[in-house]
Every structure is written in structure tokens, then in C-alpha cells.
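Just below is one structure, and these are the notes that go with it.
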Amino acid sequence: MTATATSFQPVPQPDPAKAPVTQDMLTIPRKLPDGPANLVGMTRDQMRQAMIDIGVPEKQAKMRMGQLWQWIYVWGVRDFALMTNLAKDLRAKLAETYVLAVPEVVTRQVSEDGTRKYLVRIAGGHEVEVVYIPETDRGTLCVSSQVGCTLTCSFCHTGTQKLVRNLTTAEIVGQVMVARDDLGEWPHPGQDVSELGPRRLSNIVLMGMGEPLYNFENVRDAMKICMDPEGIQLSRRRITLSTSGIVPEIARTAVEIGCQLAVSFHATTDEVRNVLVPVNRKWNIEALLTALREYPALSNSERITFEYVMLRGVNDSDDDARRLVELIRGIPAKINLIPFNEWPGSPYQRSTKARIEAFGDIVNRAGYASPVRRPRGEDIMAACGQLKSATERARKSRAQIAAEVATGA
């Protein structure tokens, strides 16, 4: 008999009463590394001011900023000496005052299915993971927004790594630039970009390490750089931000970013979601759905994606499927069913193929698309919910991770 959502007893897991509640994240200003300022990650206004600060006349600053922007974000050039439409003395002054820095690639792994995972090092010696997933019709980059995570979702490997800090705008957009470097996707200076073939990196999903809406301003500015029509030129419809349900920031995301929205939903009752996604204890399912009903109208988004990880005996019953379609009724949506990607010490197991198919049939009959996400990069721990920096992973044994998950430490 299949367990119901209100009586599940899976492999040992955190007690709901002891499940940690996510903290409210305050973006505390941090001292920047000593040395020249980084032009990567600056907004257009900030970069224009940077030109004025080194003596470019105000009447010329916008034009010089535009030229520099093109070199950085269209051609991918990070050597001022190669920026030949800038005067030599200006190039020298730029090189003396500023840098063009992106995260350092520490390791690069390629899965049997073609998925690429990069471990990149950022300021302070911290590391995050970035994943590129090739498909026949697109290439998707899974980008991280924080070192670690504050949300402690009990099924997620990243959630067992405590939050270290938010990534800067440069560190977020720099992940996109690093991937384009590796894919050899920057056009040659002067090349007509409109004549290039289909992009290998065509989509961005903010589904890597961290909760993007707890690092809102840096995520917003990085995505605006990626969407800039005179730069990287990705459509807002090709950028998807995934949130666990930070309700106060959802409307702001619609207005200030306007990208597609995905929600880590994963349960159909507050009792279960309180354990799987502890932020639910702050903003419950009702509050979350109220905010989501407004999102498509505010952002001109076609629909919201509900992400639903399939956990055996926890959230995968027929009753769960029926509750799910009732909860989201009236919201333009699709539901991504995600087979749980197991990791060392994880307290859950993947739902069976038959159970996933039965769940999906109920959702489909209700009129919602419910594709089953094919796990990618499992052999290199690059699949959904598996990301965690190698240095942090190496410090802990399987038993330590399991103990932390069980106790909510």
C-alpha cells in the first residue's frame, strides 16, 4: 500500500518539529579583494562612471563604455591591449586601473552523456560548481548564486553545505563567460554575430548552488548583463530563475528581471513541505501560491514551472498528484517531475519508474504537461540536487553527512 502524504515514514530523516527554519538573508557588504576594480559585472551606468573616473570626458564616456562593453560581452576579450578601437593611452590607463576577471576553473569534468561540470574558484578561495547540459535543440548552463545555501532542504546535497556568502555580480555573470570560453563560443572581433549558427549556450537556469532570491540585486544585475541586446544577448525567455519560495521577492523578480520562474515545490501539504523545504514554515503553500498567481501577469511569462522531486513513499502517491493539480488550478504551469538524484548519505530514495509514470498520468489528465526530467551528469555528481563544492565534500565522510541530515545540524 502506497504511503499517504500525511503518514510517510521514509528512510530516517529530520523530525518536522526540529527542521531548521531558513534565516532571513541580509546581504552584508564585504570588503572587496585588494587590487584593481573588476569591470566584469559592472552595470552600464557603473562602467560609464568608471570611464569618467580615469579621465574620459563625460561627453565621450557613454561611447567608450559601449565600445568596452562590446569587447567584453560580444567578443569575450579580456586583454585591454587587444581593444583596437580604443586609443593606446586609454588602453594603458584601463590596464593600470582595472581588471577583467572571471572565476578560475579548478577542475572540468565531462559526463558520459556530454554534461560538463566546472568547479570554479572565486575571491577568498571559495569554490562553486557550474554545469553545462547539452541538448539537441539547446544548451543550458546551470549557474550558482551562493557559496553553499541557507535553505537546508533535506533532500538536497547542496543544502548540507552551510552558506558561506553571496556571489557578486561578476562571479555570477563570470560563470557564463567561463562556459563560453570552454565551448569556444565567442565570435571573432568584427564577425557578424547574426550570421553565426545556433548557440551552444542558449539557456541559463539559476538552479545551481544557493537560493537566487536571497542574493537578489547581484542576480538581477548579472541577468541584465546576460540579456543586454548589445552584449551576450540572451532572451529573458531563455533565463529561468528557480526559487524555493521567497515570497516577498517573487513580485520583484517579475518587475525587475522578468525572466521565467521555476518553483521548488516538492510537496502538497505543509506538513511534508516543512521537512523537505523548511522555508515553507515561514511562507507556507497558500502564501506561495498567492504570490505565484500574480507572476505571469506581472512578468509577461507564459507559465510557471513547478519542480517536483520524486521521493519514494514521501510525496509520490496518487493522492499527492491529485492534490497538486488542485493546488495549482488556474495558474498557467507545467510540472517537472524530477527523479531523486541520490548522493552519499541522503535520507531518501528515488521513486520507482512505475510510480513516477502513474503520478504523471494523473497530472497529464488534469491538463498539465508533466515531463520527467532525465537525470544528467549523475556519474560526475552534476545532477539536480547533487552540487556541492569539492573541497567541502572532501572534508566530510558519508557518515558525517548522513548524521547532519538526520539531526538538521
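Note on naming: chains are A, B, ... as they come in the C-alpha cells, residues start from 1 per chain, ligands start from 1 in the order shown.
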
Next item on the list: as a PyMOL selection string, list the residues of range 100-251 of chain A assigned to strand (DSSP E) by DSSP on the backbone atoms of this structure.
Entry: chain A and resi 104-110+116-121+127-134+139-142+146-147+165-166+203-206+239-243

Next item on the list: Fewer than 3 positions away in the same chain doesn't count, so skip those; otherwise give me all residues within 6 Å of range 86-101 of chain A, counting only C-alpha atoms, as a ChimeraX atom specification.
Entry: /A:36-40,78,80,83

Output the selection as a compact mmCIF listing (two decimals), in the first residue's frame - C-alpha atoms for each residue.
# COMPACT_ATOMS: atom_id res chain seq x y z
CA PRO A 36 42.22 46.99 -9.18
CA ALA A 37 38.43 47.06 -9.55
CA ASN A 38 36.86 44.46 -11.84
CA LEU A 39 34.96 45.83 -14.84
CA VAL A 40 33.21 42.49 -15.33
CA ARG A 78 39.86 40.26 -21.59
CA PHE A 80 42.81 45.71 -22.94
CA MET A 83 40.78 46.53 -27.90

Check: Residues of range 16-240 of chain A in alpha helix (DSSP H) according to DSSP, as JSON, numbers by chain?
Finding: {"A": [44, 45, 46, 47, 48, 49, 50, 51, 52, 53, 58, 59, 60, 61, 62, 63, 64, 65, 66, 67, 68, 69, 70, 71, 72, 73, 88, 89, 90, 91, 92, 93, 94, 95, 96, 97, 169, 170, 171, 172, 173, 174, 175, 176, 177, 178, 179, 180, 181, 182, 183, 216, 217, 218, 219, 220, 221, 222, 223, 224, 225, 226, 227]}

Next item on the list: Provide the CA of Tyr118 in chain A to CA of Ile232 in chain A distance in Å, to one decimal place.
Entry: 20.2 Å

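Counting only C-alpha atoms, the residue from A:Val325, A:Thr352, A:Ile52, A:Ala333 that sits nearest to Arg365 in chain A is A:Val325.
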
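Nearest residue to Tyr214 in chain A, choosing from A:Arg180, A:Lys59, A:Arg165, A:Arg108 and counting only C-alpha atoms: A:Arg165.
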
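In this structure, CA of Ile250 in chain A sits 10.3 Å away from CA of Val263 in chain A.
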
Notebook entry, point to check: Got a sec: who's within 7 Å of Tyr73 in chain A, counting only C-alpha atoms, leaving out chain neighbours fewer than 3 positions off, as a ChimeraX atom specification?
Noted result: /A:69-70,76,231-232

Checklist line | Best match for closeness to Glu104 in chain A among A:Ala366, A:Val128, A:Ala222, A:Ile328, counting only C-alpha atoms | finding: A:Val128

Next item on the list: Tell me, as a list in words, which residues lie within 8 Å of Arg303 in chain A, counting only C-alpha atoms; anything in the same chain fewer than 2 positions away does not count.
Entry: Gln260, Leu261, Pro296, Ser301, Thr305, Ile331, Pro332, Ala333 and Lys334 of chain A

Selection to disk with N, CA, C and O atoms, as a PDB file, in the first residue's frame:
ATOM      1  N   GLN A 260      11.764  33.759 -16.795  1.00  0.00           N
ATOM      2  CA  GLN A 260      10.870  32.654 -16.462  1.00  0.00           C
ATOM      3  C   GLN A 260      11.098  32.253 -14.999  1.00  0.00           C
ATOM      4  O   GLN A 260      12.190  32.407 -14.466  1.00  0.00           O
ATOM      5  N   LEU A 261      10.070  31.715 -14.386  1.00  0.00           N
ATOM      6  CA  LEU A 261      10.153  31.361 -12.970  1.00  0.00           C
ATOM      7  C   LEU A 261       9.891  29.870 -12.795  1.00  0.00           C
ATOM      8  O   LEU A 261       8.965  29.309 -13.388  1.00  0.00           O
ATOM      9  N   PRO A 296       2.700  35.552 -13.731  1.00  0.00           N
ATOM     10  CA  PRO A 296       2.649  35.635 -15.203  1.00  0.00           C
ATOM     11  C   PRO A 296       2.171  36.990 -15.715  1.00  0.00           C
ATOM     12  O   PRO A 296       2.682  37.506 -16.715  1.00  0.00           O
ATOM     13  N   SER A 301       5.321  36.353 -18.412  1.00  0.00           N
ATOM     14  CA  SER A 301       5.810  34.983 -18.525  1.00  0.00           C
ATOM     15  C   SER A 301       4.670  34.091 -19.009  1.00  0.00           C
ATOM     16  O   SER A 301       3.515  34.283 -18.637  1.00  0.00           O
ATOM     17  N   THR A 305       6.985  27.045 -13.954  1.00  0.00           N
ATOM     18  CA  THR A 305       7.370  25.645 -13.847  1.00  0.00           C
ATOM     19  C   THR A 305       7.384  25.239 -12.381  1.00  0.00           C
ATOM     20  O   THR A 305       8.026  25.896 -11.553  1.00  0.00           O
ATOM     21  N   ILE A 331      -3.354  28.443 -12.470  1.00  0.00           N
ATOM     22  CA  ILE A 331      -2.038  29.017 -12.720  1.00  0.00           C
ATOM     23  C   ILE A 331      -1.494  28.425 -14.025  1.00  0.00           C
ATOM     24  O   ILE A 331      -1.408  27.193 -14.143  1.00  0.00           O
ATOM     25  N   PRO A 332      -1.151  29.246 -15.015  1.00  0.00           N
ATOM     26  CA  PRO A 332      -0.520  28.694 -16.221  1.00  0.00           C
ATOM     27  C   PRO A 332       0.785  28.013 -15.809  1.00  0.00           C
ATOM     28  O   PRO A 332       1.685  28.662 -15.271  1.00  0.00           O
ATOM     29  N   ALA A 333       0.874  26.712 -16.016  1.00  0.00           N
ATOM     30  CA  ALA A 333       2.000  25.994 -15.419  1.00  0.00           C
ATOM     31  C   ALA A 333       2.330  24.721 -16.166  1.00  0.00           C
ATOM     32  O   ALA A 333       1.523  24.176 -16.927  1.00  0.00           O
ATOM     33  N   LYS A 334       3.555  24.270 -15.951  1.00  0.00           N
ATOM     34  CA  LYS A 334       3.933  22.901 -16.272  1.00  0.00           C
ATOM     35  C   LYS A 334       4.613  22.340 -15.026  1.00  0.00           C
ATOM     36  O   LYS A 334       5.106  23.092 -14.181  1.00  0.00           O
TER      37      LYS A 334
END

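Excluding range 192-200 of chain A and any residue on its chain fewer than 2 positions from it, the residues at most 7 Å away by only C-alpha atoms are Arg138, Gly139, Pro187, Gly190 and Ser202 of chain A.
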
Note to self: Excluding Leu201 in chain A and its own-chain neighbours fewer than 6 positions away, which residues fall within 10 Å of it when counting only C-alpha atoms? Please give them as a ChimeraX atom specification.
What the structure shows: /A:132-134,138-141,176,179-180,183,185,234
